[in-house]
Amino acid sequence: MKSKTIVESIPEVTPIYIKKESVSDDVYLLAEIMKSSGSYVKKGDAVCSIESSKTVIEIEAPCDGYIYYGYQLHKNVSVGSVIAVVCSEQNVDLNTFSSFNFSPLDEVHGNNIKHDISISNEARTLIEKYNINMTHFGSKKLITKKDVENVLAKDAPVDLSNIKIDSSRSIVIIGGGGHASMCIDILKQNENFDIVGIVDSSLSPESEIHGYTIIGDDYILKQLYDLGVRFAILGIGAVLDSLKRERLFNMIKNIGFIVPTLIHSKSIIEASAKIGEGNQIMAGAIIGSNVTIGSNCIINSGSNICHGSNISDNVHLAPGAIVAGNVSIGKNTLIGMSAVIYLGVNIGNNVVVNNGVIIDRNVSNNQIVRK
Amino acid sequence: MSSNINQSENTNSVGLFHRFRDEIKTAVLIRRIEQRLLELYEKGKVNGTIHTCVGQEFSGVFVSKHVSKQDIVFSNHRGHGHYIAHTGDVNGLLAEIMGKTTGCSGGIGGSQHFCNTNYFSNGIQGGMTPVAAGMALARKIQNKDAIVISYIGDGTLGEGILYETLNICSLWDIPIIFILENNQYAQSTNHKQTFKGEIKKRVEGFDIKYYCSNTWELLNLDSTVKKAVNFVRTQGKPVFLEISTYRLNSHSKSDDNRDQKIVETFRKADLINILFQECQEEMNALLLDVNLIIEKAEEFAYLSETLSNYPNEKTYNDDIVGFKLIPDFETQRVNERIYNVFQHCMNEKDNIILLGEDIENNNEYNPNPYGGAFKVTRNLSNIFTGRIKNTPISEAAITGIGSGLAIGGMIPVVEIMFGDFSTLIFDQLLQHACKFHKMYNGKLNVQLIVRTPMGGKRGYGPTHSQSIEKYFLGFPDLDIIVLNCRLDPFTIYKSIFDNIKHPYLVIENKVLYTRAIPLPAIPGFNILQSSDLFPTVKISPVDADAEITILCYGGMLEEVETAIINVFESNEVFCEVVCPVQIQPVNIRPIIESVRMTGKLLIVEEGTSIAAFGAEIIALLCENNVTINKVIRLANNTIIPCSYEAEMNLIPNSFTISKAILSLLEIF
């Protein structure tokens with residue numbers, strides 16, 4: 001008998017949009033809240049009122065459920081935005097509703113707020129391409145393409161000319177955290193690569209970690225490539241921000257780096273499995289027959305993917321996750337530690353399956369599945 | 001209207017003379033002055049023209065007999081007689097008409113624009129009636145036992161503002177007496193060509209007490225004026241007194257096309273002429289006195305200094321100013337901010353009074369709250385009982401009443417619901433409120449605030465969406481203030497209330513009312529204000545030199561702000577924005593400094609650009625030897641369509657502004 005509690009049902013969420021109530025206004029004031037956030041409302045209840053320049057308009061609940069507001073009292077609400085949602089369940093994480101834009105208008109008023117910068121489109125493209133840390137621009141407030149080029153041309157904190165570079169062997173590690181140490185150990189298992197150093201903006205240059213020197217920030221990557229380094233490894237796990245790994249992966253690919261797939265010598269991979277670029281297969285992982293894996297995935301220690309399953313790009317299987325046969329997992333999805341995915345289940349993109357959760361039915365995109 | 005001369009009561013001229021000797025003497029004085037003025041005119045001693053009141057003298061004489069010193073007189077173009085009757089100031093009158101600095105208006109006003117304690121005349125027909133009503137209202141509010149006398153002619157009956165004023169006077173029980181001197185002619189046009197119906201019925205249609213008399217029956221005139229004045233004083237309600245009379249001379253000079261036979265009939269029936277025939281001795285004795293007074297006055301005038309130089313004025317300021325960060329203020333909607341400052345200042349000054357259409361909150365006729373079409377006045381009428389007044393749709397009259405209140409010592413704030421309707425107050429501002437101070441030689445200040453929203457983007461169509469403040473540029477003594485999304489309306493209005501001496505026209509913005517300001521900061525730019533009382537906002541790149549200056553004001557600032565971020569992001573263009581709050585007189589200095597640096601100027605206006613603020617600025621920059629390499633004016637030069645999309649595309653917006661910036665810099 002299946003337990004009812006193993007999969008969190010996806011709550012039904014009904015947005016309340018602000019309609020254009022008169023020709024006069026595009027912005028209304030949330031004038032009064034009659035039903036407070038989290039309270040149960042019935043269809044047709046007046047839940048709040050908005051004020052235009054000429055009149056006050058009451059907003060009714062579109063259905064029964066728990067109401068949550070996206071705006072504070074006396075704040076401005078624009079036409080077309082979601083002022084509140086009515087949810088079939090209580091205590092729902094509002095940030096998980098991504099099918100419509102529901103986040104409080106973060107209005108920061110004031111003429112003199114500091115530390116705000118503008119970046120030109122060309123500069124932004126370069127900054128994203130080379131993942132340049134904004135601290136390089138100092139107190140500059142208007143960042144142009146020229147400013148970015150200046151940063152890219154800036155001398156590395158470590159004299160790169162001292163590094164012995166061999167295009168067929170030299171590899172750079174991006175990130176100096178715990179995940180990097182696992183990658184370094186795998187690299188050491190064979191003698192194909194020479195690690196030239198680690199880049200990490202949060203660690204001070206020239207310091208050493210895992211036995212290697214921090215040679216600078218991400219902006220140094222282009223210079224390393226120009227000097228002949230052709231291989232790079234993403235040494236960050238970023239469990240809670242799968243998009244970060246995707247962004248960095250694209251960044252190093254854009255520069256031109258080859259990102260080798262790391263395979264621990266103590267992992268088991270069937271010959272019929274197809275594995276893409278830049279994946280990291282850790283100790284004890286088992287990859288069954290006819291499994292396909294996209295690129296930039298982490299198949300962590302002791303996780304197990306059974307026959308015929310299809311893993312998209314940038315998926316992270318945490319240690320001990322078990323994926324049964326013919327499962328499909330969408331991109332950027334995280335399967336938690338010791339989570340179990342039943343045979344044939346389809347899991348969407350951007351899904352987070354919490355540790356230990358057992359999944360026996362399909363999960364659509366953009367969901368968090370809890371115990 | 002009576003054109004018949006009824007002289008039944010005047011059977012005994014000698015008796016009449018002795019009964020009204022003083023009044024007759026004043027009338028003779030007036031007549032002799034008028035005749036002397038015509039002689040002086042022929043000798044070229046009088047500048048311009050004069051409108052004499054020969055034949056009409058007794059109306060002013062008997063009105064002045066029954067009013068008191070504290071009462072206030074408003075007269076018109078034919079006011080010499082009124083002036084002499086009410087003030088006795090022959091010296092001031094002759095000197096004024098002869099353009100002397102000792103004249104009652106310093107030689108500035110001339111024949112039609114006299115000013116004395118409690119006496120004002122103006123050469124505009126009905127326009128003075130609401131001003132007179134405002135003055136009377138001020139005295140009523142101040143609980144002063146004073147009434148106002150407003151002289152009009154039968155020609156004035158053609159002007160709508162008179163009826164707006166009569167209606168309000170009756171509605172608000174304003175202690176005013178309108179004296180209609182009916183001489184049957186508007187310049188040369190007979191009353192029969194200009195008037196239908198009955199004056200009495202018109203007046204009584206407003207529920208105003210009507211009296212009538214004439215200048216041929218002095219006993220009747222005497223008692224009727226007395227009754228009329230008494231009614232106003234005791235009832236505190238308006239009165240309309242029609243005095244039939246006849247002008248024996250032409251309208252001004254050599255413009256008389258009337259039938260001279262009829263004029264001759266009236267000349268024969270003229271009481272002064274009759275008295276000169278029937279009481280020769282007594283009248284000649286009077287004449288000796290009168291001539292002496294006039295001779296002395298002429299001598300006084302001749303010896304007085306002629307007003308030979310009248311200072312011209314600069315149309316702008318050129319004050320070197322510093323720039324500083326804009327002080328923080330509470331984030332609020334603009335309409336709420338204005339509400340707050342009114343509440344604050346009305347608590348502080350009890351002479352502030354608000355007039356406008358629909359500005360009261362709930363009252364005995366409307367149980368539900370309203371408080372202004374744009375919710376600015378809200379519940380002020382509940383807080384300050386009687387000081388926030390709903391008015392009829394009479395824009396011109398309420399502006400005139402505002403002027404009257406202002407010269408009566410109040411600080412009136414007149415709300416014109418839509419800026420588009422300010423065309424209706426043009427005359428009141430140009431010919432009255434903005435002119436009094438200078439025209440009356442600085443003897444009075446008009447502390448009047450007119451506020452009105454301009455701007456489109458609300459789908460209100462061609463007559464409710466315009467920005468027509470440019471038509472008010474160049475009015476004397478008028479300060480024009482335009483609110484924007486950066487500066488605190490509270491501070492701006494507070495500065496006006498604390499410094500007001502002259503009229504202010506405050507332009508608000510319809511879209512801005514519901515915007516919470518200040519808006520968020522603009523990343524990468526400093527937002528600064530100049531050190532003037534009404535500052536100029538300057539938005540400059542933090543760490544680069546601007547390549548182009550963008551000049552704008554009011555509702556356009558927000559669009560310009562979006563555009564400067566757009567062009568920086570798309571094309572790395574650095575813009576500086578200069579946005580004055582005071583567009584008249586504008587301080588040109590911040591604009592000069594910016595354009596000297598960039599050499600390129602984009603002007604963004606929400607109204608039409610022909611002969612407008614931007615055009616004026618370009619002229620001023622040229623006059624100040626500022627080299628402008630390239631300039632573009634962006635405006636809407638047609639009427640504003642109702643269709644939301646068409647309207648949004650027509651009025652300069654961040655997209656069209658961005659395009660103009662790039663085209664000005666020849667980036668395509």
# chains A, B, ... in the order shown; residues from 1 in each chain; ligands from 1

call {"tool": "interface_residues", "arguments": {"of": "chain B", "to": "chain A", "cutoff": "10 Å", "atoms": "only C-alpha atoms", "output": "ChimeraX atom specification"}}
result
/B:325-333,335,370-376,456-460,485-487,510-511,513-528,541-544,565-574,644

call {"tool": "residues_around", "arguments": {"residues": "region 200-213 of chain B", "least_positions_apart": "3", "cutoff": "10 Å", "atoms": "only C-alpha atoms", "output": "VMD selection string"}}
result
chain B and resid 1 to 2 59 157 163 166 to 171 173 177 to 181 197 216 to 225 227 to 228 231 to 232 237 to 245

call {"tool": "atom_distance", "arguments": {"atom1": "CA of Glu360 (chain B)", "atom2": "CA of Ala31 (chain A)"}}
result
21.0 Å

call {"tool": "atom_distance", "arguments": {"atom1": "CA of Arg633 (chain B)", "atom2": "CA of Val321 (chain B)"}}
result
25.9 Å

call {"tool": "closest_residue", "arguments": {"among": "A:His179, A:Arg247, A:Thr292, A:Asp166", "to": "Ala271 (chain A)", "atoms": "only C-alpha atoms"}}
result
A:Thr292

call {"tool": "residues_around", "arguments": {"residues": "Ala283 (chain A)", "least_positions_apart": "4", "cutoff": "10 Å", "atoms": "only C-alpha atoms", "output": "PDB file with all heavy atoms, in the first residue's frame"}}
result
ATOM      1  N   MET A 182      37.146  17.073  -4.326  1.00  0.00           N
ATOM      2  CA  MET A 182      36.758  15.780  -4.901  1.00  0.00           C
ATOM      3  C   MET A 182      37.206  15.694  -6.354  1.00  0.00           C
ATOM      4  O   MET A 182      37.701  14.668  -6.820  1.00  0.00           O
ATOM      5  CB  MET A 182      35.243  15.583  -4.825  1.00  0.00           C
ATOM      6  CG  MET A 182      34.746  15.460  -3.391  1.00  0.00           C
ATOM      7  SD  MET A 182      32.949  15.373  -3.319  1.00  0.00           S
ATOM      8  CE  MET A 182      32.645  13.746  -3.989  1.00  0.00           C
ATOM      9  N   ILE A 186      40.039  13.088  -8.247  1.00  0.00           N
ATOM     10  CA  ILE A 186      39.802  12.279  -9.448  1.00  0.00           C
ATOM     11  C   ILE A 186      40.878  12.581 -10.507  1.00  0.00           C
ATOM     12  O   ILE A 186      41.426  11.676 -11.134  1.00  0.00           O
ATOM     13  CB  ILE A 186      38.389  12.529 -10.011  1.00  0.00           C
ATOM     14  CG1 ILE A 186      37.327  12.083  -9.004  1.00  0.00           C
ATOM     15  CG2 ILE A 186      38.199  11.787 -11.341  1.00  0.00           C
ATOM     16  CD1 ILE A 186      35.902  12.436  -9.386  1.00  0.00           C
ATOM     17  N   ILE A 263      35.636  10.884 -14.229  1.00  0.00           N
ATOM     18  CA  ILE A 263      35.046   9.608 -13.812  1.00  0.00           C
ATOM     19  C   ILE A 263      35.955   8.969 -12.767  1.00  0.00           C
ATOM     20  O   ILE A 263      37.135   8.705 -13.016  1.00  0.00           O
ATOM     21  CB  ILE A 263      34.884   8.657 -15.017  1.00  0.00           C
ATOM     22  CG1 ILE A 263      33.955   9.310 -16.061  1.00  0.00           C
ATOM     23  CG2 ILE A 263      34.361   7.293 -14.578  1.00  0.00           C
ATOM     24  CD1 ILE A 263      33.866   8.571 -17.370  1.00  0.00           C
ATOM     25  N   HIS A 264      35.409   8.788 -11.580  1.00  0.00           N
ATOM     26  CA  HIS A 264      36.207   8.191 -10.504  1.00  0.00           C
ATOM     27  C   HIS A 264      36.491   6.729 -10.849  1.00  0.00           C
ATOM     28  O   HIS A 264      35.620   6.022 -11.365  1.00  0.00           O
ATOM     29  CB  HIS A 264      35.432   8.274  -9.185  1.00  0.00           C
ATOM     30  CG  HIS A 264      36.295   8.041  -7.982  1.00  0.00           C
ATOM     31  ND1 HIS A 264      36.661   6.774  -7.568  1.00  0.00           N
ATOM     32  CD2 HIS A 264      36.878   8.902  -7.108  1.00  0.00           C
ATOM     33  CE1 HIS A 264      37.440   6.868  -6.488  1.00  0.00           C
ATOM     34  NE2 HIS A 264      37.570   8.170  -6.189  1.00  0.00           N
ATOM     35  N   SER A 265      37.674   6.326 -10.531  1.00  0.00           N
ATOM     36  CA  SER A 265      38.067   4.962 -10.923  1.00  0.00           C
ATOM     37  C   SER A 265      37.233   3.905 -10.206  1.00  0.00           C
ATOM     38  O   SER A 265      37.120   2.776 -10.670  1.00  0.00           O
ATOM     39  CB  SER A 265      39.552   4.745 -10.622  1.00  0.00           C
ATOM     40  OG  SER A 265      39.765   4.970  -9.241  1.00  0.00           O
ATOM     41  N   LYS A 266      36.612   4.280  -9.099  1.00  0.00           N
ATOM     42  CA  LYS A 266      35.813   3.305  -8.353  1.00  0.00           C
ATOM     43  C   LYS A 266      34.315   3.438  -8.677  1.00  0.00           C
ATOM     44  O   LYS A 266      33.470   3.010  -7.897  1.00  0.00           O
ATOM     45  CB  LYS A 266      36.052   3.467  -6.844  1.00  0.00           C
ATOM     46  CG  LYS A 266      37.461   3.124  -6.427  1.00  0.00           C
ATOM     47  CD  LYS A 266      37.681   1.610  -6.466  1.00  0.00           C
ATOM     48  CE  LYS A 266      39.145   1.156  -6.413  1.00  0.00           C
ATOM     49  NZ  LYS A 266      40.070   1.891  -5.615  1.00  0.00           N
ATOM     50  N   SER A 267      33.989   4.043  -9.760  1.00  0.00           N
ATOM     51  CA  SER A 267      32.584   4.083 -10.181  1.00  0.00           C
ATOM     52  C   SER A 267      32.368   2.991 -11.211  1.00  0.00           C
ATOM     53  O   SER A 267      33.335   2.452 -11.759  1.00  0.00           O
ATOM     54  CB  SER A 267      32.238   5.440 -10.795  1.00  0.00           C
ATOM     55  OG  SER A 267      33.044   5.647 -11.943  1.00  0.00           O
ATOM     56  N   ILE A 268      31.073   2.656 -11.434  1.00  0.00           N
ATOM     57  CA  ILE A 268      30.777   1.571 -12.375  1.00  0.00           C
ATOM     58  C   ILE A 268      29.892   2.140 -13.479  1.00  0.00           C
ATOM     59  O   ILE A 268      28.813   2.689 -13.208  1.00  0.00           O
ATOM     60  CB  ILE A 268      30.037   0.418 -11.671  1.00  0.00           C
ATOM     61  CG1 ILE A 268      30.915  -0.148 -10.551  1.00  0.00           C
ATOM     62  CG2 ILE A 268      29.627  -0.658 -12.678  1.00  0.00           C
ATOM     63  CD1 ILE A 268      30.181  -1.080  -9.610  1.00  0.00           C
ATOM     64  N   ILE A 299      27.035  13.257 -10.749  1.00  0.00           N
ATOM     65  CA  ILE A 299      26.466  11.986 -10.287  1.00  0.00           C
ATOM     66  C   ILE A 299      27.287  11.630  -9.054  1.00  0.00           C
ATOM     67  O   ILE A 299      28.400  11.124  -9.149  1.00  0.00           O
ATOM     68  CB  ILE A 299      26.580  10.893 -11.388  1.00  0.00           C
ATOM     69  CG1 ILE A 299      26.078  11.423 -12.748  1.00  0.00           C
ATOM     70  CG2 ILE A 299      25.862   9.617 -10.951  1.00  0.00           C
ATOM     71  CD1 ILE A 299      24.624  11.863 -12.785  1.00  0.00           C
ATOM     72  N   ASN A 300      26.737  11.988  -7.903  1.00  0.00           N
ATOM     73  CA  ASN A 300      27.563  12.020  -6.697  1.00  0.00           C
ATOM     74  C   ASN A 300      27.769  10.634  -6.095  1.00  0.00           C
ATOM     75  O   ASN A 300      27.170   9.647  -6.529  1.00  0.00           O
ATOM     76  CB  ASN A 300      26.947  12.991  -5.695  1.00  0.00           C
ATOM     77  CG  ASN A 300      28.007  13.887  -5.095  1.00  0.00           C
ATOM     78  OD1 ASN A 300      29.111  13.414  -4.811  1.00  0.00           O
ATOM     79  ND2 ASN A 300      27.676  15.156  -4.915  1.00  0.00           N
ATOM     80  N   SER A 301      28.600  10.590  -5.074  1.00  0.00           N
ATOM     81  CA  SER A 301      29.058   9.337  -4.477  1.00  0.00           C
ATOM     82  C   SER A 301      27.890   8.412  -4.152  1.00  0.00           C
ATOM     83  O   SER A 301      26.921   8.823  -3.524  1.00  0.00           O
ATOM     84  CB  SER A 301      29.813   9.625  -3.182  1.00  0.00           C
ATOM     85  OG  SER A 301      30.709  10.689  -3.394  1.00  0.00           O
ATOM     86  N   GLY A 302      28.001   7.190  -4.609  1.00  0.00           N
ATOM     87  CA  GLY A 302      27.029   6.162  -4.228  1.00  0.00           C
ATOM     88  C   GLY A 302      25.668   6.303  -4.852  1.00  0.00           C
ATOM     89  O   GLY A 302      24.744   5.561  -4.481  1.00  0.00           O
ATOM     90  N   SER A 303      25.481   7.192  -5.778  1.00  0.00           N
ATOM     91  CA  SER A 303      24.160   7.273  -6.387  1.00  0.00           C
ATOM     92  C   SER A 303      24.059   6.228  -7.492  1.00  0.00           C
ATOM     93  O   SER A 303      25.074   5.743  -7.997  1.00  0.00           O
ATOM     94  CB  SER A 303      23.895   8.680  -6.921  1.00  0.00           C
ATOM     95  OG  SER A 303      24.883   9.020  -7.862  1.00  0.00           O
ATOM     96  N   PRO A 319      24.547  12.413  -3.052  1.00  0.00           N
ATOM     97  CA  PRO A 319      25.021  11.074  -2.633  1.00  0.00           C
ATOM     98  C   PRO A 319      23.863  10.155  -2.234  1.00  0.00           C
ATOM     99  O   PRO A 319      22.943  10.555  -1.527  1.00  0.00           O
ATOM    100  CB  PRO A 319      25.907  11.398  -1.433  1.00  0.00           C
ATOM    101  CG  PRO A 319      26.441  12.765  -1.741  1.00  0.00           C
ATOM    102  CD  PRO A 319      25.320  13.473  -2.445  1.00  0.00           C
TER     103      PRO A 319
END

call {"tool": "residues_around", "arguments": {"residues": "Asn351 (chain B)", "least_positions_apart": "2", "cutoff": "8 Å", "atoms": "only C-alpha atoms", "output": "list in words"}}
result
Met346, Lys349, Ile353, Gly409, Met410, Ile411 and Pro412 of chain B

call {"tool": "closest_residue", "arguments": {"among": "B:Thr627, B:Gln125, B:Ser663, B:Asn182", "to": "Gly160 (chain B)", "atoms": "only C-alpha atoms"}}
result
B:Gln125
